[in-house]
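S.K.: File follows, input_21.json with JSON, C-alpha atoms:
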[["chain", "number", "residue", "atom", "x", "y", "z"],
["A", 1, "MET", "CA", 23.55, 19.05, 3.94],
["A", 2, "MET", "CA", 23.09, 17.45, 0.55],
["A", 3, "CYS", "CA", 19.62, 16.39, -0.62],
["A", 4, "LYS", "CA", 18.99, 12.88, -1.78],
["A", 5, "THR", "CA", 18.22, 12.28, -5.39],
["A", 6, "ARG", "CA", 14.82, 11.04, -6.49],
["A", 7, "GLN", "CA", 16.40, 7.66, -7.20],
["A", 8, "GLU", "CA", 17.98, 7.43, -3.72],
["A", 9, "ILE", "CA", 14.64, 8.26, -2.12],
["A", 10, "GLU", "CA", 12.92, 5.55, -4.15],
["A", 11, "MET", "CA", 15.65, 3.01, -3.35],
["A", 12, "ASP", "CA", 15.50, 3.72, 0.39],
["A", 13, "PHE", "CA", 11.73, 3.42, 0.41],
["A", 14, "THR", "CA", 11.82, 0.17, -1.56],
["A", 15, "ARG", "CA", 14.48, -1.23, 0.77],
["A", 16, "ALA", "CA", 12.35, -0.43, 3.84],
["A", 17, "VAL", "CA", 9.24, -1.96, 2.30],
["A", 18, "ASP", "CA", 11.22, -5.08, 1.34],
["A", 19, "GLN", "CA", 12.52, -5.39, 4.90],
["A", 20, "ALA", "CA", 8.99, -5.12, 6.25],
["A", 21, "ALA", "CA", 7.84, -7.81, 3.82],
["A", 22, "GLU", "CA", 10.67, -10.10, 4.93],
["A", 23, "LEU", "CA", 9.68, -9.65, 8.58],
["A", 24, "GLU", "CA", 6.09, -10.50, 7.66],
["A", 25, "ARG", "CA", 7.26, -13.67, 5.87],
["A", 26, "LEU", "CA", 9.29, -14.65, 8.92],
["A", 27, "ALA", "CA", 6.27, -14.08, 11.16],
["A", 28, "VAL", "CA", 4.14, -16.33, 8.95],
["A", 29, "ASP", "CA", 6.84, -19.02, 9.01],
["A", 30, "LEU", "CA", 7.14, -18.82, 12.80],
["A", 31, "SER", "CA", 3.39, -19.11, 13.21],
["A", 32, "ARG", "CA", 3.34, -22.11, 10.90],
["A", 33, "ILE", "CA", 6.11, -23.77, 12.92],
["A", 34, "ALA", "CA", 4.29, -23.11, 16.18],
["A", 35, "ASN", "CA", 1.01, -24.31, 14.75],
["A", 36, "SER", "CA", 2.14, -27.53, 13.11],
["A", 37, "GLY", "CA", 5.69, -28.41, 14.12],
["A", 38, "VAL", "CA", 5.56, -27.82, 17.84],
["A", 39, "GLU", "CA", 1.99, -29.05, 18.20],
["A", 40, "SER", "CA", 2.80, -32.37, 16.51],
["A", 41, "ALA", "CA", 5.87, -32.78, 18.72],
["A", 42, "LEU", "CA", 3.69, -32.20, 21.79],
["A", 43, "LEU", "CA", 1.28, -34.88, 20.61],
["A", 44, "VAL", "CA", 4.14, -37.35, 20.28],
["A", 45, "ILE", "CA", 5.27, -36.53, 23.81],
["A", 46, "GLN", "CA", 1.75, -36.86, 25.22],
["A", 47, "ASN", "CA", 1.17, -40.19, 23.47],
["A", 48, "GLY", "CA", 4.58, -41.67, 24.20],
["A", 49, "TRP", "CA", 5.36, -40.51, 27.69],
["A", 50, "ARG", "CA", 3.56, -40.90, 30.95],
["A", 51, "GLY", "CA", 3.93, -39.25, 34.31],
["A", 52, "SER", "CA", 5.30, -35.96, 35.51],
["A", 53, "ALA", "CA", 8.08, -35.82, 32.92],
["A", 54, "SER", "CA", 5.48, -35.89, 30.18],
["A", 55, "GLN", "CA", 3.53, -33.06, 31.77],
["A", 56, "SER", "CA", 6.68, -31.01, 32.31],
["A", 57, "MET", "CA", 7.67, -31.42, 28.66],
["A", 58, "THR", "CA", 4.16, -30.62, 27.50],
["A", 59, "ASP", "CA", 4.06, -27.48, 29.64],
["A", 60, "ALA", "CA", 7.49, -26.41, 28.34],
["A", 61, "GLY", "CA", 6.32, -27.01, 24.79],
["A", 62, "LYS", "CA", 3.19, -24.95, 25.32],
["A", 63, "ASN", "CA", 5.28, -22.12, 26.77],
["A", 64, "ALA", "CA", 7.66, -22.31, 23.82],
["A", 65, "THR", "CA", 4.70, -22.24, 21.43],
["A", 66, "ALA", "CA", 3.30, -19.15, 23.14],
["A", 67, "ASP", "CA", 6.74, -17.49, 22.91],
["A", 68, "ILE", "CA", 6.92, -18.27, 19.19],
["A", 69, "TYR", "CA", 3.49, -16.74, 18.61],
["A", 70, "ARG", "CA", 4.48, -13.64, 20.61],
["A", 71, "THR", "CA", 7.66, -13.30, 18.56],
["A", 72, "ALA", "CA", 5.66, -13.60, 15.34],
["A", 73, "ASP", "CA", 3.28, -10.89, 16.57],
["A", 74, "ASP", "CA", 6.25, -8.69, 17.47],
["A", 75, "LEU", "CA", 7.68, -9.14, 13.98],
["A", 76, "LEU", "CA", 4.36, -8.13, 12.44],
["A", 77, "ARG", "CA", 4.24, -5.04, 14.66],
["A", 78, "VAL", "CA", 7.78, -4.07, 13.68],
["A", 79, "ALA", "CA", 6.96, -4.58, 10.00],
["A", 80, "LYS", "CA", 3.91, -2.35, 10.35],
["A", 81, "ASN", "CA", 6.01, 0.35, 12.04],
["A", 82, "ILE", "CA", 8.68, 0.12, 9.35],
["A", 83, "ARG", "CA", 6.04, 0.57, 6.65],
["A", 84, "ALA", "CA", 4.48, 3.55, 8.44],
["A", 85, "THR", "CA", 7.83, 5.21, 9.10],
["A", 86, "ALA", "CA", 9.03, 4.56, 5.56],
["A", 87, "ASP", "CA", 5.87, 6.16, 4.19],
["A", 88, "ILE", "CA", 6.30, 9.27, 6.36],
["A", 89, "VAL", "CA", 9.98, 9.63, 5.46],
["A", 90, "TYR", "CA", 9.29, 8.97, 1.78],
["A", 91, "LYS", "CA", 6.65, 11.69, 1.59],
["A", 92, "ALA", "CA", 8.81, 14.15, 3.52],
["A", 93, "GLU", "CA", 11.87, 13.51, 1.36],
["A", 94, "LYS", "CA", 9.84, 13.81, -1.85],
["A", 95, "LYS", "CA", 8.40, 17.11, -0.62],
["A", 96, "ALA", "CA", 11.86, 18.38, 0.36],
["A", 97, "LEU", "CA", 13.16, 17.38, -3.06],
["A", 98, "LYS", "CA", 10.43, 19.41, -4.78],
["A", 99, "LEU", "CA", 11.14, 22.40, -2.54],
["A", 100, "SER", "CA", 14.86, 22.30, -3.33],
["A", 101, "PHE", "CA", 14.24, 22.98, -7.02]]
Go through the file and emit its structure as C-alpha cells.

M.R.:
Amino acid sequence: MMCKTRQEIEMDFTRAVDQAAELERLAVDLSRIANSGVESALLVIQNGWRGSASQSMTDAGKNATADIYRTADDLLRVAKNIRATADIVYKAEKKALKLSF
C-alpha cells in the first residue's frame, strides 16, 4: 500500500472541509426559504382562500416547512460529521506520513 503525499493529505482534508461548508450553506438557504418563502406563501393562502381547502393547503404548507427545517438540520449534522471525520483522518494520515520516514 502506497502512502499519500503531504500534498494529497492536505488536498483531501481541504476538499472534505469545503464539502462540509457547502452543506452548511445549503442548510442556511433551506432555512431561509422555509422561514420567508413558504411562510409568505401560507399567508397568501390564508388571506385569499376560505374553507376547508384553505386549511388543507395551510396544513400541507406547514408540513412542508417542517420537512424543510428537518432537512436543513440533517445537512448541518452531516456537515459536522464530515468535519469530525476529516479531522480524525487528517491527523491519522499525517501521523502515518511521519512514521513512514

S.K.: Which of these residues is nearest to Ser31 (chain A), using only C-alpha atoms: A:Ser100, A:Thr65, A:Thr85, A:Ser52?

M.R.: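 The closest residue to Ser31 (chain A) is A:Thr65.
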
S.K.: Do you have the CA of Ser54 (chain A)-CA of Asp67 (chain A) distance handy?

M.R.: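 Here the two named atoms are 19.8 Å from each other.
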
S.K.: Which of these residues is nearest to Thr58 (chain A), using all atoms listed in the file: A:Ala86, A:Ala72, A:Leu43, A:Leu23?

M.R.: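 Smallest distance to Thr58 (chain A) is found for A:Leu43.
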
S.K.: Find the residues around Thr71 (chain A) up to 9 Å (all atoms listed in the file counted), leave out those fewer than 4 positions away in its own chain, and share them as a ChimeraX atom specification.

M.R.: /A:27,30-31,66-67,75-76

S.K.: Find the residues around Asp29 (chain A) up to 12 Å (only C-alpha atoms counted), leave out those fewer than 3 positions away in its own chain, and share them as a count of residues only.

M.R.: 18

S.K.: State, in Å with one decimal place, the distance from CA of Thr14 (chain A) to CA of Lys94 (chain A).

M.R.: 13.8 Å

S.K.: For CA of Lys62 (chain A) and CA of Ala79 (chain A), determine how far apart the two atoms are, in Å to one decimal place.

M.R.: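 The value is 25.8 Å.
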
S.K.: Using all atoms listed in the file, which protein or nucleic acid residues come within 8 Å of Ile82 (chain A)? Drop anything in the same chain fewer than 6 positions from it, and give the result as an MDAnalysis selection string.

M.R.: chainID A and resid 16:17 20

S.K.: I'd like the contact shell of Lys91 (chain A) - 12 Å cut-off, all atoms listed in the file, skipping same-chain residues fewer than 5 positions apart - returned as a PyMOL selection string.

M.R.: chain A and resi 6+9-10+12-13+84-86+96-98

S.K.: Go ahead and write the selection's residues with C-alpha atoms as a compact mmCIF listing (two decimals), in the coordinates of the input.

M.R.:
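The result, written out as result-v4.txt:
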# COMPACT_ATOMS: atom_id res chain seq x y z
CA ARG A 6 14.82 11.04 -6.49
CA ILE A 9 14.64 8.26 -2.12
CA GLU A 10 12.92 5.55 -4.15
CA ASP A 12 15.50 3.72 0.39
CA PHE A 13 11.73 3.42 0.41
CA ALA A 84 4.48 3.55 8.44
CA THR A 85 7.83 5.21 9.10
CA ALA A 86 9.03 4.56 5.56
CA ALA A 96 11.86 18.38 0.36
CA LEU A 97 13.16 17.38 -3.06
CA LYS A 98 10.43 19.41 -4.78

S.K.: Selecting N, CA and C atoms, how would region 17-40 of chain A from this structure be written as a PDB file, in the first residue's frame?

M.R.:
ATOM      1  N   VAL A  17     -13.488  19.590   4.045  1.00  0.00           N
ATOM      2  CA  VAL A  17     -13.930  20.800   4.750  1.00  0.00           C
ATOM      3  C   VAL A  17     -14.784  21.670   3.822  1.00  0.00           C
ATOM      4  N   ASP A  18     -14.392  21.780   2.562  1.00  0.00           N
ATOM      5  CA  ASP A  18     -15.181  22.542   1.588  1.00  0.00           C
ATOM      6  C   ASP A  18     -16.561  21.928   1.379  1.00  0.00           C
ATOM      7  N   GLN A  19     -16.618  20.604   1.347  1.00  0.00           N
ATOM      8  CA  GLN A  19     -17.916  19.935   1.194  1.00  0.00           C
ATOM      9  C   GLN A  19     -18.801  20.193   2.412  1.00  0.00           C
ATOM     10  N   ALA A  20     -18.212  20.159   3.588  1.00  0.00           N
ATOM     11  CA  ALA A  20     -18.984  20.453   4.801  1.00  0.00           C
ATOM     12  C   ALA A  20     -19.494  21.884   4.770  1.00  0.00           C
ATOM     13  N   ALA A  21     -18.663  22.809   4.331  1.00  0.00           N
ATOM     14  CA  ALA A  21     -19.078  24.212   4.244  1.00  0.00           C
ATOM     15  C   ALA A  21     -20.216  24.389   3.242  1.00  0.00           C
ATOM     16  N   GLU A  22     -20.161  23.674   2.138  1.00  0.00           N
ATOM     17  CA  GLU A  22     -21.239  23.752   1.147  1.00  0.00           C
ATOM     18  C   GLU A  22     -22.551  23.220   1.725  1.00  0.00           C
ATOM     19  N   LEU A  23     -22.489  22.129   2.459  1.00  0.00           N
ATOM     20  CA  LEU A  23     -23.696  21.600   3.101  1.00  0.00           C
ATOM     21  C   LEU A  23     -24.258  22.612   4.102  1.00  0.00           C
ATOM     22  N   GLU A  24     -23.385  23.283   4.825  1.00  0.00           N
ATOM     23  CA  GLU A  24     -23.843  24.299   5.780  1.00  0.00           C
ATOM     24  C   GLU A  24     -24.509  25.474   5.051  1.00  0.00           C
ATOM     25  N   ARG A  25     -23.936  25.873   3.917  1.00  0.00           N
ATOM     26  CA  ARG A  25     -24.570  26.949   3.129  1.00  0.00           C
ATOM     27  C   ARG A  25     -25.946  26.522   2.627  1.00  0.00           C
ATOM     28  N   LEU A  26     -26.035  25.287   2.163  1.00  0.00           N
ATOM     29  CA  LEU A  26     -27.336  24.779   1.701  1.00  0.00           C
ATOM     30  C   LEU A  26     -28.350  24.748   2.839  1.00  0.00           C
ATOM     31  N   ALA A  27     -27.912  24.360   4.021  1.00  0.00           N
ATOM     32  CA  ALA A  27     -28.812  24.321   5.182  1.00  0.00           C
ATOM     33  C   ALA A  27     -29.322  25.715   5.513  1.00  0.00           C
ATOM     34  N   VAL A  28     -28.442  26.697   5.459  1.00  0.00           N
ATOM     35  CA  VAL A  28     -28.854  28.087   5.720  1.00  0.00           C
ATOM     36  C   VAL A  28     -29.856  28.543   4.668  1.00  0.00           C
ATOM     37  N   ASP A  29     -29.590  28.222   3.407  1.00  0.00           N
ATOM     38  CA  ASP A  29     -30.516  28.595   2.329  1.00  0.00           C
ATOM     39  C   ASP A  29     -31.875  27.936   2.511  1.00  0.00           C
ATOM     40  N   LEU A  30     -31.878  26.660   2.850  1.00  0.00           N
ATOM     41  CA  LEU A  30     -33.151  25.964   3.073  1.00  0.00           C
ATOM     42  C   LEU A  30     -33.926  26.589   4.227  1.00  0.00           C
ATOM     43  N   SER A  31     -33.234  26.903   5.293  1.00  0.00           N
ATOM     44  CA  SER A  31     -33.911  27.522   6.432  1.00  0.00           C
ATOM     45  C   SER A  31     -34.488  28.879   6.056  1.00  0.00           C
ATOM     46  N   ARG A  32     -33.749  29.620   5.260  1.00  0.00           N
ATOM     47  CA  ARG A  32     -34.230  30.929   4.809  1.00  0.00           C
ATOM     48  C   ARG A  32     -35.490  30.773   3.952  1.00  0.00           C
ATOM     49  N   ILE A  33     -35.468  29.786   3.071  1.00  0.00           N
ATOM     50  CA  ILE A  33     -36.638  29.521   2.217  1.00  0.00           C
ATOM     51  C   ILE A  33     -37.836  29.149   3.076  1.00  0.00           C
ATOM     52  N   ALA A  34     -37.619  28.266   4.029  1.00  0.00           N
ATOM     53  CA  ALA A  34     -38.721  27.835   4.900  1.00  0.00           C
ATOM     54  C   ALA A  34     -39.239  29.006   5.716  1.00  0.00           C
ATOM     55  N   ASN A  35     -38.329  29.834   6.180  1.00  0.00           N
ATOM     56  CA  ASN A  35     -38.706  30.940   7.050  1.00  0.00           C
ATOM     57  C   ASN A  35     -39.454  32.033   6.300  1.00  0.00           C
ATOM     58  N   SER A  36     -38.973  32.418   5.134  1.00  0.00           N
ATOM     59  CA  SER A  36     -39.590  33.547   4.447  1.00  0.00           C
ATOM     60  C   SER A  36     -40.475  33.129   3.282  1.00  0.00           C
ATOM     61  N   GLY A  37     -39.942  32.299   2.406  1.00  0.00           N
ATOM     62  CA  GLY A  37     -40.675  31.931   1.195  1.00  0.00           C
ATOM     63  C   GLY A  37     -41.950  31.167   1.452  1.00  0.00           C
ATOM     64  N   VAL A  38     -41.860  30.103   2.194  1.00  0.00           N
ATOM     65  CA  VAL A  38     -43.032  29.267   2.449  1.00  0.00           C
ATOM     66  C   VAL A  38     -44.015  29.992   3.359  1.00  0.00           C
ATOM     67  N   GLU A  39     -43.492  30.678   4.361  1.00  0.00           N
ATOM     68  CA  GLU A  39     -44.370  31.393   5.291  1.00  0.00           C
ATOM     69  C   GLU A  39     -45.185  32.467   4.569  1.00  0.00           C
ATOM     70  N   SER A  40     -44.553  33.203   3.655  1.00  0.00           N
ATOM     71  CA  SER A  40     -45.301  34.236   2.929  1.00  0.00           C
ATOM     72  C   SER A  40     -46.345  33.605   2.007  1.00  0.00           C
TER      73      SER A  40
END
